[in-house]
Structure formats: structure tokens, C-alpha cells
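File shown: my_file_3.tsv. Contents: TSV, C-alpha atoms.
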```tsv
chain	number	residue	atom	x	y	z
A	1	MET	CA	92.50	66.08	216.00
A	2	ILE	CA	93.46	65.51	212.38
A	3	ASN	CA	97.08	65.96	213.33
A	4	ALA	CA	96.80	63.16	215.89
A	5	ILE	CA	95.15	60.84	213.34
A	6	SER	CA	97.87	61.52	210.80
A	7	TYR	CA	100.61	60.78	213.32
A	8	ALA	CA	98.78	57.60	214.32
A	9	CYS	CA	98.64	56.55	210.64
A	10	MET	CA	102.36	57.13	210.21
A	11	GLY	CA	103.18	55.29	213.43
A	12	VAL	CA	101.13	52.26	212.40
A	13	GLY	CA	102.70	52.43	208.93
A	14	ILE	CA	106.20	52.29	210.39
A	15	VAL	CA	105.20	49.35	212.62
A	16	PHE	CA	104.00	47.62	209.43
A	17	TRP	CA	107.34	48.42	207.79
A	18	PHE	CA	109.28	46.77	210.58
A	19	TRP	CA	106.89	43.83	210.56
A	20	GLY	CA	107.32	43.33	206.83
A	21	THR	CA	111.07	43.90	206.72
A	22	TRP	CA	112.11	41.87	209.75
A	23	PRO	CA	111.61	38.42	208.07
A	24	LEU	CA	114.20	39.46	205.43
A	25	VAL	CA	117.00	38.77	207.91
A	26	GLY	CA	116.19	35.12	208.57
A	27	HIS	CA	117.04	32.11	206.43
A	28	ARG	CA	113.60	31.53	204.95
A	29	SER	CA	112.69	30.89	201.32
A	30	VAL	CA	112.42	33.75	198.84
A	31	LEU	CA	108.66	33.35	198.41
A	32	TYR	CA	108.00	33.54	202.16
A	33	LYS	CA	109.97	36.76	202.41
A	34	LEU	CA	108.32	38.13	199.27
A	35	HIS	CA	104.87	37.53	200.76
A	36	SER	CA	105.53	39.37	204.01
A	37	LEU	CA	107.38	42.11	202.18
A	38	SER	CA	104.71	42.76	199.56
A	39	VAL	CA	101.77	42.68	201.97
A	40	ALA	CA	103.06	44.43	205.08
A	41	ASP	CA	105.46	46.78	203.31
A	42	THR	CA	102.91	48.05	200.81
A	43	LEU	CA	100.28	48.50	203.50
A	44	GLY	CA	102.77	50.36	205.67
A	45	SER	CA	103.82	52.64	202.83
A	46	MET	CA	100.21	53.37	201.92
A	47	LEU	CA	99.36	54.18	205.54
A	48	ILE	CA	102.29	56.59	205.74
A	49	VAL	CA	101.17	58.35	202.56
A	50	VAL	CA	97.59	58.55	203.94
A	51	GLY	CA	99.06	60.13	207.07
A	52	LEU	CA	100.84	62.69	204.92
A	53	LEU	CA	97.62	63.28	202.97
A	54	LEU	CA	95.75	64.11	206.20
A	55	LYS	CA	98.51	66.48	207.17
A	56	ILE	CA	98.54	68.43	203.91
A	57	PRO	CA	95.24	67.87	202.05
A	58	ARG	CA	95.90	70.66	199.58
A	59	GLU	CA	98.38	68.60	197.56
A	60	TRP	CA	96.05	65.63	197.19
A	61	PRO	CA	96.57	64.79	193.47
A	62	LEU	CA	100.24	64.04	194.02
A	63	LEU	CA	99.70	61.90	197.10
A	64	VAL	CA	96.79	60.00	195.55
A	65	LEU	CA	99.04	59.28	192.57
A	66	ALA	CA	101.65	58.00	195.00
A	67	ILE	CA	99.15	55.66	196.67
A	68	LEU	CA	97.87	54.36	193.33
A	69	SER	CA	101.33	53.71	191.93
A	70	LEU	CA	102.37	52.01	195.17
A	71	ALA	CA	99.38	49.68	195.04
A	72	ILE	CA	99.72	48.80	191.37
A	73	TRP	CA	103.51	48.59	191.08
A	74	ASN	CA	104.11	46.59	194.21
A	75	THR	CA	101.48	44.03	193.23
A	76	VAL	CA	102.86	43.65	189.73
A	77	LEU	CA	106.42	43.58	191.02
A	78	GLY	CA	105.54	40.87	193.50
A	79	TYR	CA	104.20	38.72	190.69
A	80	VAL	CA	107.21	39.38	188.45
A	81	LEU	CA	109.74	38.59	191.18
A	82	ALA	CA	107.92	35.42	192.19
A	83	TYR	CA	107.70	34.28	188.55
A	84	CYS	CA	111.35	35.01	187.84
A	85	SER	CA	112.72	33.48	191.02
A	86	SER	CA	110.70	30.26	190.92
A	87	SER	CA	111.05	29.32	187.24
A	88	ARG	CA	114.67	28.25	187.64
A	89	LYS	CA	115.28	24.62	186.78
Q	1	MET	CA	120.62	74.54	211.24
Q	2	VAL	CA	121.18	71.11	209.84
Q	3	ASP	CA	118.94	68.47	211.37
Q	4	SER	CA	120.40	65.34	212.87
Q	5	TYR	CA	118.67	62.95	210.46
Q	6	VAL	CA	120.50	64.53	207.53
Q	7	TYR	CA	123.81	63.26	208.94
Q	8	ILE	CA	122.46	59.72	209.34
Q	9	ILE	CA	121.04	59.62	205.82
Q	10	THR	CA	124.26	61.00	204.36
Q	11	ALA	CA	126.25	58.32	206.22
Q	12	LEU	CA	124.31	55.65	204.30
Q	13	LEU	CA	125.86	56.78	201.00
Q	14	PRO	CA	129.52	55.85	201.71
Q	15	LEU	CA	128.28	52.67	203.41
Q	16	THR	CA	126.48	51.39	200.31
Q	17	ALA	CA	129.30	52.63	198.07
Q	18	ALA	CA	131.76	50.52	200.07
Q	19	MET	CA	129.41	47.55	199.66
Q	20	VAL	CA	129.50	47.97	195.87
Q	21	VAL	CA	133.29	48.18	195.82
Q	22	LEU	CA	133.83	45.15	198.07
Q	23	GLN	CA	131.46	42.90	196.15
Q	24	GLY	CA	133.19	40.23	194.04
Q	25	ASN	CA	130.35	38.76	192.01
Q	26	PRO	CA	129.48	41.16	189.15
Q	27	TYR	CA	125.74	40.43	189.25
Q	28	HIS	CA	125.53	41.01	193.00
Q	29	ALA	CA	127.49	44.20	192.51
Q	30	LEU	CA	124.90	45.31	189.93
Q	31	ILE	CA	122.04	44.85	192.40
Q	32	ILE	CA	123.93	46.72	195.09
Q	33	ARG	CA	124.61	49.46	192.55
Q	34	GLY	CA	120.82	49.77	192.30
Q	35	ILE	CA	120.63	50.11	196.08
Q	36	LEU	CA	123.35	52.74	195.93
Q	37	GLY	CA	121.32	54.61	193.29
Q	38	ALA	CA	118.21	54.60	195.49
Q	39	VAL	CA	120.14	55.79	198.54
Q	40	ALA	CA	121.94	58.44	196.49
Q	41	ALA	CA	118.61	59.77	195.19
Q	42	LEU	CA	117.41	59.99	198.80
Q	43	VAL	CA	120.55	61.87	199.87
Q	44	TYR	CA	120.30	64.34	197.00
Q	45	ALA	CA	116.62	64.97	197.79
Q	46	VAL	CA	117.40	65.51	201.47
Q	47	LEU	CA	120.11	68.00	200.59
Q	48	GLY	CA	117.65	69.88	198.38
Q	49	ALA	CA	118.83	68.94	194.87
Q	50	ALA	CA	115.59	67.62	193.42
Q	51	ASP	CA	116.77	67.64	189.81
Q	52	VAL	CA	119.93	65.68	190.61
Q	53	ALA	CA	117.87	63.14	192.56
Q	54	LEU	CA	115.53	62.63	189.60
Q	55	THR	CA	118.46	62.18	187.21
Q	56	GLU	CA	120.16	59.73	189.54
Q	57	ALA	CA	117.01	57.64	189.85
Q	58	LEU	CA	116.19	57.56	186.14
Q	59	VAL	CA	119.60	57.48	184.46
Q	60	GLY	CA	121.89	56.26	187.22
Q	61	THR	CA	119.68	53.46	188.40
Q	62	MET	CA	117.51	52.44	185.49
Q	63	LEU	CA	119.60	53.02	182.39
Q	64	ALA	CA	123.05	52.33	183.84
Q	65	ILE	CA	122.02	49.06	185.47
Q	66	THR	CA	120.32	47.77	182.35
Q	67	LEU	CA	123.31	48.66	180.17
Q	68	TYR	CA	125.78	47.19	182.68
Q	69	ALA	CA	123.77	43.97	182.93
Q	70	VAL	CA	123.87	43.55	179.16
Q	71	ALA	CA	127.58	44.39	179.06
Q	72	VAL	CA	128.52	42.01	181.88
Q	73	ARG	CA	126.47	39.22	180.37
Q	74	SER	CA	128.00	39.55	176.92
Q	75	SER	CA	131.60	40.08	178.02
Q	76	LEU	CA	132.04	37.34	180.64
Q	77	VAL	CA	131.80	34.52	178.12
Q	78	VAL	CA	134.36	31.99	176.89
Q	79	ARG	CA	133.81	30.82	173.32
Q	80	LEU	CA	135.10	27.31	172.75
Q	81	GLY	CA	135.36	26.05	169.19
Q	82	VAL	CA	134.54	22.35	168.72
Q	83	LEU	CA	134.01	19.96	165.82
Q	84	GLN	CA	130.42	19.04	165.09
Q	85	ALA	CA	131.22	15.34	164.94
Q	86	VAL	CA	132.64	15.05	168.47
Q	87	GLU	CA	130.26	13.18	170.75
Q	88	SER	CA	132.62	11.21	172.98
Q	89	GLN	CA	132.08	10.67	176.70
Q	90	GLY	CA	135.41	12.18	177.67
Q	91	PHE	CA	134.63	15.40	175.83
Q	92	GLN	CA	131.31	15.87	177.62
Q	93	ALA	CA	132.98	15.37	181.00
Q	94	TRP	CA	135.71	17.83	180.06
Q	95	VAL	CA	133.17	20.47	179.02
Q	96	GLU	CA	131.28	19.99	182.29
Q	97	GLY	CA	134.54	20.44	184.21
Q	98	CYS	CA	135.21	23.63	182.26
Q	99	ARG	CA	131.74	24.96	183.07
Q	100	THR	CA	132.28	24.43	186.80
Q	101	VAL	CA	135.69	26.08	186.76
Q	102	PHE	CA	134.43	29.06	184.75
Q	103	SER	CA	131.34	29.55	186.88
Q	104	LYS	CA	133.64	30.01	189.88
Q	105	HIS	CA	135.06	32.98	187.98
Q	106	TYR	CA	131.54	34.17	186.96
Q	107	MET	CA	132.10	33.27	183.30
Q	108	ARG	CA	129.88	31.32	180.94
Q	109	LEU	CA	130.99	28.74	178.38
Q	110	GLU	CA	129.61	28.93	174.88
Q	111	LEU	CA	130.25	26.15	172.33
Q	112	VAL	CA	130.73	27.11	168.70
Q	113	ASN	CA	130.47	24.33	166.13
Q	114	TYR	CA	132.77	24.02	163.12
Q	115	LEU	CA	132.72	21.55	160.25
Q	116	ASN	CA	136.34	20.45	160.00
Q	117	ASP	CA	139.80	20.81	161.43
Q	118	GLU	CA	140.97	23.65	159.16
Q	119	ASP	CA	137.93	25.76	159.96
Q	120	LEU	CA	138.58	25.24	163.65
Q	121	ARG	CA	142.20	26.39	163.47
Q	122	GLN	CA	141.26	29.26	161.18
Q	123	ALA	CA	138.65	30.42	163.71
Q	124	LEU	CA	141.30	30.47	166.44
Q	125	ASN	CA	143.64	32.44	164.21
Q	126	ASP	CA	140.89	34.90	163.30
Q	127	LYS	CA	140.08	35.36	167.02
Q	128	GLU	CA	136.52	34.23	166.51
Q	129	VAL	CA	136.87	31.91	169.52
Q	130	HIS	CA	138.98	32.00	172.67
Q	131	ALA	CA	139.91	28.32	172.68
Q	132	ILE	CA	139.47	25.24	170.51
Q	133	TYR	CA	139.18	21.58	171.37
Q	134	LEU	CA	141.03	19.20	169.04
Q	135	PRO	CA	140.16	15.51	169.32
Q	136	GLN	CA	142.70	12.95	168.04
Q	137	HIS	CA	140.80	10.52	165.86
Q	138	HIS	CA	142.82	7.93	164.06
Q	139	THR	CA	145.61	7.41	166.53
Q	140	THR	CA	146.39	5.09	169.38
Q	141	GLU	CA	144.83	5.36	172.82
Q	142	ALA	CA	147.96	6.89	174.26
Q	143	VAL	CA	147.57	10.11	172.31
Q	144	GLN	CA	145.70	12.75	174.26
Q	145	ASP	CA	143.08	15.21	173.11
Q	146	GLN	CA	144.33	18.74	172.85
Q	147	ALA	CA	142.92	22.12	173.77
Q	148	LEU	CA	144.49	25.25	172.28
Q	149	ILE	CA	143.93	28.44	174.22
Q	150	ARG	CA	144.96	31.83	172.94
Q	151	ILE	CA	144.40	33.91	176.10
Q	152	PRO	CA	147.20	33.51	178.71
Q	153	ARG	CA	145.04	34.33	181.73
Q	154	LEU	CA	142.44	31.76	180.64
Q	155	TYR	CA	145.23	29.22	180.24
Q	156	GLU	CA	146.48	29.91	183.76
Q	157	ILE	CA	143.03	29.44	185.24
Q	158	MET	CA	142.38	26.21	183.37
Q	159	GLN	CA	145.85	24.85	184.07
Q	160	ALA	CA	145.51	25.51	187.77
Q	161	GLU	CA	141.96	24.36	188.38
Q	162	LEU	CA	141.03	21.89	185.66
Q	163	THR	CA	142.00	18.34	186.57
Q	164	SER	CA	141.66	16.20	183.48
Q	165	PRO	CA	144.49	13.81	182.59
Q	166	LYS	CA	142.89	13.03	179.21
Q	167	THR	CA	143.38	16.46	177.72
Q	168	THR	CA	146.53	18.53	177.35
Q	169	LEU	CA	146.23	22.28	177.48
Q	170	THR	CA	148.42	24.44	175.29
Q	171	CYS	CA	148.71	28.18	175.23
Q	172	VAL	CA	149.23	29.57	171.74
Q	173	THR	CA	149.93	33.10	170.61
Q	174	VAL	CA	147.94	34.41	167.70
Q	175	ALA	CA	149.40	37.28	165.72
Q	176	ASP	CA	147.28	40.36	165.31
Q	177	ALA	CA	145.47	40.47	162.02
Q	178	THR	CA	147.14	42.88	159.65
Q	179	GLU	CA	144.06	43.59	157.59
Q	180	VAL	CA	140.55	44.18	158.67
Q	181	LYS	CA	138.11	41.60	157.40
Q	182	VAL	CA	134.74	42.72	156.18
K	1	MET	CA	108.23	64.28	212.63
K	2	THR	CA	111.98	63.89	213.04
K	3	ILE	CA	111.37	60.83	215.22
K	4	VAL	CA	109.24	59.34	212.44
K	5	LEU	CA	112.09	59.93	210.01
K	6	ILE	CA	114.69	58.34	212.27
K	7	ALA	CA	112.45	55.27	212.71
K	8	MET	CA	112.24	55.10	208.91
K	9	ILE	CA	116.03	55.21	208.64
K	10	LEU	CA	116.21	52.28	211.07
K	11	ALA	CA	113.71	50.35	208.93
K	12	LEU	CA	115.85	51.18	205.88
K	13	ALA	CA	118.95	49.77	207.56
K	14	ILE	CA	117.44	46.25	207.81
K	15	PRO	CA	117.28	45.53	204.04
K	16	ILE	CA	120.70	47.16	203.55
K	17	TYR	CA	122.19	44.76	206.07
K	18	GLU	CA	120.33	41.90	204.42
K	19	ALA	CA	121.68	42.82	200.97
K	20	CYS	CA	125.16	42.92	202.47
K	21	GLN	CA	125.16	39.49	204.08
K	22	ASP	CA	122.98	37.25	201.91
K	23	GLU	CA	124.58	35.38	199.01
K	24	ASP	CA	121.49	34.54	196.96
K	25	VAL	CA	120.71	36.84	194.03
K	26	TRP	CA	116.96	36.82	194.61
K	27	GLN	CA	117.25	37.72	198.29
K	28	LYS	CA	119.33	40.70	197.20
K	29	MET	CA	116.65	41.63	194.66
K	30	LEU	CA	114.02	41.55	197.42
K	31	ALA	CA	116.17	43.81	199.57
K	32	PHE	CA	116.61	46.14	196.59
K	33	SER	CA	112.86	46.39	195.95
K	34	SER	CA	112.26	47.08	199.62
K	35	ILE	CA	114.92	49.81	199.69
K	36	ALA	CA	113.62	51.40	196.48
K	37	SER	CA	110.10	51.87	197.81
K	38	LYS	CA	111.29	52.91	201.27
K	39	THR	CA	113.60	55.63	199.97
K	40	SER	CA	110.91	57.17	197.78
K	41	ILE	CA	108.42	57.21	200.69
K	42	MET	CA	111.13	58.87	202.77
K	43	ILE	CA	111.57	61.53	200.08
K	44	LEU	CA	107.82	62.20	200.26
K	45	VAL	CA	107.90	62.51	204.06
K	46	ILE	CA	110.84	64.93	203.86
K	47	SER	CA	109.03	67.03	201.29
K	48	VAL	CA	106.04	67.33	203.63
K	49	LEU	CA	108.34	68.06	206.57
K	50	ARG	CA	109.96	70.95	204.73
K	51	ASN	CA	106.85	71.99	202.78
K	52	ASP	CA	108.89	71.81	199.57
K	53	TRP	CA	106.80	70.42	196.72
K	54	MET	CA	109.60	70.29	194.21
K	55	ILE	CA	111.05	67.41	196.24
K	56	GLY	CA	107.57	65.87	196.57
K	57	VAL	CA	107.11	65.73	192.80
K	58	VAL	CA	110.49	64.02	192.48
K	59	GLY	CA	109.54	61.48	195.14
K	60	VAL	CA	106.32	60.56	193.36
K	61	LEU	CA	108.13	60.29	190.02
K	62	ILE	CA	110.79	57.99	191.46
K	63	LEU	CA	108.07	55.92	193.11
K	64	SER	CA	106.10	55.47	189.91
K	65	VAL	CA	108.93	55.10	187.38
K	66	GLY	CA	111.78	53.61	189.37
K	67	ASN	CA	110.19	50.20	189.78
K	68	ALA	CA	110.42	49.57	186.06
K	69	ALA	CA	114.19	49.15	186.47
K	70	LEU	CA	113.56	46.38	188.99
K	71	MET	CA	111.39	44.44	186.56
K	72	LEU	CA	113.89	44.79	183.74
K	73	MET	CA	116.64	43.57	186.03
K	74	ALA	CA	114.60	40.64	187.33
K	75	HIS	CA	114.10	39.43	183.78
K	76	ILE	CA	117.76	39.85	182.84
K	77	ILE	CA	118.89	37.93	185.93
K	78	LYS	CA	116.42	35.19	185.15
K	79	ARG	CA	117.85	34.88	181.64
K	80	ILE	CA	121.34	34.68	183.11
K	81	SER	CA	120.56	31.94	185.61
K	82	ASP	CA	118.82	29.75	183.02
```
If you convert what's in this file into C-alpha cells, what do you get?
Amino acid sequence: MINAISYACMGVGIVFWFWGTWPLVGHRSVLYKLHSLSVADTLGSMLIVVGLLLKIPREWPLLVLAILSLAIWNTVLGYVLAYCSSSRK
Amino acid sequence: MVDSYVYIITALLPLTAAMVVLQGNPYHALIIRGILGAVAALVYAVLGAADVALTEALVGTMLAITLYAVAVRSSLVVRLGVLQAVESQGFQAWVEGCRTVFSKHYMRLELVNYLNDEDLRQALNDKEVHAIYLPQHHTTEAVQDQALIRIPRLYEIMQAELTSPKTTLTCVTVADATEVKV
Amino acid sequence: MTIVLIAMILALAIPIYEACQDEDVWQKMLAFSSIASKTSIMILVISVLRNDWMIGVVGVLILSVGNAALMLMAHIIKRISD
């Protein structure tokens, strides 16, 4: 049961990855790509780590740290990249 | 008993390395060097060398890229010595032309101000600047402004790509300083 | 589990291709940030697959520290393009 849920989490996470990464290929603006990348990519990564957490619950401190740093860093990084790329004159 | 995904992941390493080597623009090459660092850390982790992966991520990606960015930024710069008093229209246009030509070669132009003619020539002799711009003040219209350049490669680039009939370019050789200045 | 990993490698190939073909610096930076987080998640998955927690610790460390390089670089590139 738990095994199935963890595989489902990872599968959905990878679908999110593709969803977030696919817009990178087109000729859209940087901010559009940044939006899809930061939302879908971070969600996908977090889902994959949750899937791993269900698979091996005994190493939870490490995986929880991974989830937290993913959430915080990717948000901050999104802001920094948007600020740096749009303040050109 | 090597799994099939190990081969695919390992194949990414020469791919990204080739991308770094084939990249012409130094700043783009720096970013791709970061990508190479990330992929290399992944490959080392897959092959079981956790300590090497950690070192590659921290030193190879973080420290090396930061140091290289500073080095590239401070080395790809042309210092042009000018007189403070020069404000003419022709000079501004010439400087703009220089900027466009240099940016094609990923270089920046930096203007250094000097008070008078002797200081300007002295700076070129002391290798404080790479080139100087000498305006001709009290002469007839026919006399052209002059730019002295002490680096042959820079002279070749400017001679080939800069189209300004108002300014003559001259390549000069500056002897090496015999004593070290403090 | 191996299928999951191969799907992840395919997802990793998209930003690599993007970094190869796009000429804008910021698009390359986006591809770099995407690759950086993807590779560290892949390291975590591999550590679970092999039940090797030495690799897992390294993956988490890269995930939490490696992004600092990206921020430093974003600021340096911004200073350059000004």
C-alpha cells in the first residue's frame, strides 16, 4: 500500500518536472519560464522527496531537511533571478 | 552488475564538457561550467564517490565559478587614456564605435582621465593604459585626431573593424620598464 | 525504480539542450538552476535505490548549499550587464 503511494508520488513529481521544464525550450520571456520552472519544478521535486520519505521513513530528518531547503531556496532563488534579470536598463 | 542508467548518466559528462569547450562567449562558458559541475557531482555520486561529489559541488562549482567570474570581468577590459578637457562630438562617436567593436570580442572599455598631454603619454609608457586618445587642438581642420595603441592584437582588431576616417590609429611599442616602481 | 531514474534523466536532458541552444545569458541561468536542483534530487533517489546514506547526505548538502553559487553568479552577471 505505502509502496504504491510512494511510487504514485514519484510519478506525479516527474510529470510535474516535465510540465515545468518543457516551456524552457520555447521562445518565451525569461519571467514566463521562471514562473513555470519555480512553481512546477519545486512542487515536482518536493513530491519526489515525499515519495522517497514514504519509502524509507527511518531517515526522515535528512529528507525533511531536503524538502525545507528546496522550498526556501527555490523561492528565494526565483526572486533573485527575477530581480537580476529584469533590472537591466 | 552495472545498471543501464549508470551508462546514460556517465554519457552526460563528456556531452556537457564538449559544450563548455565549444562555447565562445566567456560568460556563457562560465554558466555551462556550472552545469558541468552539477552533472559531474551527479556522476561521482552514482559511481559511489560521495566525498569527490561533495568537493566538486562546493569547490568546483561554487568557488571556481565565482573566482573565474571575477577574473574574466577584470581581465577583459581595455583601458583608454583620455584628456579631461575633451568633449567634442567626434570623440564621443569614436568611443561609442570602440565600445561596439570591443563588445563583439567580449571586452569592456574603461576611460581613464588625465590632466595634460605629458601625463597621458607617460601613462602609456608606464603601461597604466592600453591605448591613449590624442586630440589635435590648435591646428587646422585637416589634421586628424590620433590614437596610440601599445598592444598589437588590439591594434589589429581596431584597424580591421573600426571605421572612422577622423582618427588615425598608430601602433607603438613601449619598452619594458627597467626598474620597478613603488 | 530504474524506470523512474531514466525518466528523470530524460527530464534532465531538456534544460541541457536549452542551455546549449539559447543565446541569452538569463535563459542559460534558468537552465542551470533547473539542472542544479534536478541533479541533487537524482542523487537522493539513487541513495534510496542503493540504500547508501553516505550518498544521501551528500545529496542533501549539495541541495542546500549549492544554490548559493547560483545567487552569487546572478549578481555578478547583473553587474556585468549594467
Contact residues (chain A, partner chain K, 6 Å, all atoms listed in the file) as a list in words: Phe18, Val25, Ala66, Ser69 and Cys84 of chain A
Write a file of the selected residues as a compact mmCIF listing (two decimals), in the frame of the given file, keeping C-alpha atoms.
```
# COMPACT_ATOMS: atom_id res chain seq x y z
CA PHE A 18 109.28 46.77 210.58
CA VAL A 25 117.00 38.77 207.91
CA ALA A 66 101.65 58.00 195.00
CA SER A 69 101.33 53.71 191.93
CA CYS A 84 111.35 35.01 187.84
```
Could you please determine the separation between atom CA of Leu162 of chain Q and atom CA of Val101 of chain Q in Å, to one decimal place?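 Atom-to-atom, atom CA of Leu162 of chain Q to atom CA of Val101 of chain Q, that is 6.9 Å.
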Please return, as a ChimeraX atom specification, all residues of chain Q lying within 8 Å of chain K when only C-alpha atoms are considered. /Q:5,8-9,16,19,27-28,31-32,34-35,38-39,42,45-46,48,50-51,53-54,57-58,61-63,65-66,69,73
Please list as a list in words every residue within 9 Å of Asn3 of chain A, counting all atoms listed in the file and excluding residues in the same chain fewer than 5 positions away.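 Neighbouring residues, sequence-local ones excluded: Ala8, Gly51, Leu54 and Lys55 of chain A.
Note that the spacing between atom CA of Ser86 of chain A and atom CA of Gly20 of chain A amounts to 20.9 Å.
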Would you compute the distance between atom CA of Leu111 of chain Q and atom CA of Val82 of chain Q? Give it in Å to one decimal. 6.8 Å
Within 7 Å of segment 35-45 of chain A using all atoms listed in the file, minus same-chain residues under 6 positions, as an mmCIF file with C-alpha atoms, keeping the file's coordinate frame:
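Produced file result17.cif, reproduced below:
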```
data_model
loop_
_atom_site.group_PDB
_atom_site.id
_atom_site.type_symbol
_atom_site.label_atom_id
_atom_site.label_comp_id
_atom_site.auth_asym_id
_atom_site.auth_seq_id
_atom_site.Cartn_x
_atom_site.Cartn_y
_atom_site.Cartn_z
ATOM 1 C CA GLY A 13 102.700 52.430 208.930
ATOM 2 C CA ILE A 14 106.200 52.290 210.390
ATOM 3 C CA PHE A 16 104.000 47.620 209.430
ATOM 4 C CA TRP A 17 107.340 48.420 207.790
ATOM 5 C CA TRP A 19 106.890 43.830 210.560
ATOM 6 C CA GLY A 20 107.320 43.330 206.830
ATOM 7 C CA THR A 21 111.070 43.900 206.720
ATOM 8 C CA LEU A 70 102.370 52.010 195.170
ATOM 9 C CA ALA A 71 99.380 49.680 195.040
ATOM 10 C CA ASN A 74 104.110 46.590 194.210
ATOM 11 C CA GLY A 78 105.540 40.870 193.500
ATOM 12 C CA ILE K 41 108.420 57.210 200.690
#
```
Completion step: segment 65-73 of chain A with all heavy atoms as a PDB file, in the frame of the given file:
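The result, written out as rebuild_23.pdb:
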```pdb
ATOM      1  N   LEU A  65      98.242  59.964 193.603  1.00  0.00           N
ATOM      2  CA  LEU A  65      99.040  59.280 192.570  1.00  0.00           C
ATOM      3  C   LEU A  65     100.066  58.356 193.217  1.00  0.00           C
ATOM      4  O   LEU A  65     100.277  57.218 192.765  1.00  0.00           O
ATOM      5  CB  LEU A  65      99.737  60.318 191.695  1.00  0.00           C
ATOM      6  CG  LEU A  65     100.635  59.756 190.601  1.00  0.00           C
ATOM      7  CD1 LEU A  65      99.827  58.973 189.610  1.00  0.00           C
ATOM      8  CD2 LEU A  65     101.408  60.853 189.910  1.00  0.00           C
ATOM      9  N   ALA A  66     100.665  58.837 194.309  1.00  0.00           N
ATOM     10  CA  ALA A  66     101.650  58.000 195.000  1.00  0.00           C
ATOM     11  C   ALA A  66     101.004  56.727 195.526  1.00  0.00           C
ATOM     12  O   ALA A  66     101.544  55.627 195.368  1.00  0.00           O
ATOM     13  CB  ALA A  66     102.282  58.779 196.159  1.00  0.00           C
ATOM     14  N   ILE A  67      99.826  56.854 196.131  1.00  0.00           N
ATOM     15  CA  ILE A  67      99.150  55.660 196.670  1.00  0.00           C
ATOM     16  C   ILE A  67      98.814  54.688 195.546  1.00  0.00           C
ATOM     17  O   ILE A  67      99.040  53.479 195.648  1.00  0.00           O
ATOM     18  CB  ILE A  67      97.867  56.074 197.429  1.00  0.00           C
ATOM     19  CG1 ILE A  67      98.227  56.850 198.690  1.00  0.00           C
ATOM     20  CG2 ILE A  67      97.053  54.865 197.803  1.00  0.00           C
ATOM     21  CD1 ILE A  67      97.037  57.327 199.445  1.00  0.00           C
ATOM     22  N   LEU A  68      98.263  55.244 194.443  1.00  0.00           N
ATOM     23  CA  LEU A  68      97.870  54.360 193.330  1.00  0.00           C
ATOM     24  C   LEU A  68      99.088  53.629 192.772  1.00  0.00           C
ATOM     25  O   LEU A  68      99.052  52.409 192.560  1.00  0.00           O
ATOM     26  CB  LEU A  68      97.209  55.191 192.229  1.00  0.00           C
ATOM     27  CG  LEU A  68      95.745  55.543 192.465  1.00  0.00           C
ATOM     28  CD1 LEU A  68      95.193  56.289 191.263  1.00  0.00           C
ATOM     29  CD2 LEU A  68      94.959  54.262 192.675  1.00  0.00           C
ATOM     30  N   SER A  69     100.170  54.381 192.540  1.00  0.00           N
ATOM     31  CA  SER A  69     101.330  53.710 191.930  1.00  0.00           C
ATOM     32  C   SER A  69     101.939  52.704 192.888  1.00  0.00           C
ATOM     33  O   SER A  69     102.420  51.653 192.456  1.00  0.00           O
ATOM     34  CB  SER A  69     102.361  54.738 191.469  1.00  0.00           C
ATOM     35  OG  SER A  69     102.819  55.473 192.561  1.00  0.00           O
ATOM     36  N   LEU A  70     101.899  52.994 194.187  1.00  0.00           N
ATOM     37  CA  LEU A  70     102.370  52.010 195.170  1.00  0.00           C
ATOM     38  C   LEU A  70     101.569  50.724 195.057  1.00  0.00           C
ATOM     39  O   LEU A  70     102.132  49.627 194.955  1.00  0.00           O
ATOM     40  CB  LEU A  70     102.190  52.562 196.576  1.00  0.00           C
ATOM     41  CG  LEU A  70     103.404  53.064 197.319  1.00  0.00           C
ATOM     42  CD1 LEU A  70     102.978  53.604 198.650  1.00  0.00           C
ATOM     43  CD2 LEU A  70     104.380  51.948 197.504  1.00  0.00           C
ATOM     44  N   ALA A  71     100.233  50.867 195.060  1.00  0.00           N
ATOM     45  CA  ALA A  71      99.380  49.680 195.040  1.00  0.00           C
ATOM     46  C   ALA A  71      99.624  48.863 193.783  1.00  0.00           C
ATOM     47  O   ALA A  71      99.846  47.648 193.832  1.00  0.00           O
ATOM     48  CB  ALA A  71      97.917  50.083 195.146  1.00  0.00           C
ATOM     49  N   ILE A  72      99.610  49.551 192.624  1.00  0.00           N
ATOM     50  CA  ILE A  72      99.720  48.800 191.370  1.00  0.00           C
ATOM     51  C   ILE A  72     101.108  48.211 191.194  1.00  0.00           C
ATOM     52  O   ILE A  72     101.281  47.019 190.957  1.00  0.00           O
ATOM     53  CB  ILE A  72      99.367  49.723 190.186  1.00  0.00           C
ATOM     54  CG1 ILE A  72      97.908  50.149 190.295  1.00  0.00           C
ATOM     55  CG2 ILE A  72      99.591  49.014 188.872  1.00  0.00           C
ATOM     56  CD1 ILE A  72      97.516  51.203 189.325  1.00  0.00           C
ATOM     57  N   TRP A  73     102.144  49.059 191.357  1.00  0.00           N
ATOM     58  CA  TRP A  73     103.510  48.590 191.080  1.00  0.00           C
ATOM     59  C   TRP A  73     103.915  47.475 192.006  1.00  0.00           C
ATOM     60  O   TRP A  73     104.513  46.497 191.585  1.00  0.00           O
ATOM     61  CB  TRP A  73     104.510  49.730 191.206  1.00  0.00           C
ATOM     62  CG  TRP A  73     104.744  50.496 189.957  1.00  0.00           C
ATOM     63  CD1 TRP A  73     104.428  51.797 189.752  1.00  0.00           C
ATOM     64  CD2 TRP A  73     105.325  50.046 188.742  1.00  0.00           C
ATOM     65  NE1 TRP A  73     104.792  52.172 188.490  1.00  0.00           N
ATOM     66  CE2 TRP A  73     105.342  51.121 187.856  1.00  0.00           C
ATOM     67  CE3 TRP A  73     105.841  48.820 188.314  1.00  0.00           C
ATOM     68  CZ2 TRP A  73     105.848  51.021 186.574  1.00  0.00           C
ATOM     69  CZ3 TRP A  73     106.341  48.715 187.034  1.00  0.00           C
ATOM     70  CH2 TRP A  73     106.339  49.805 186.183  1.00  0.00           C
TER      71      TRP A  73
END
```
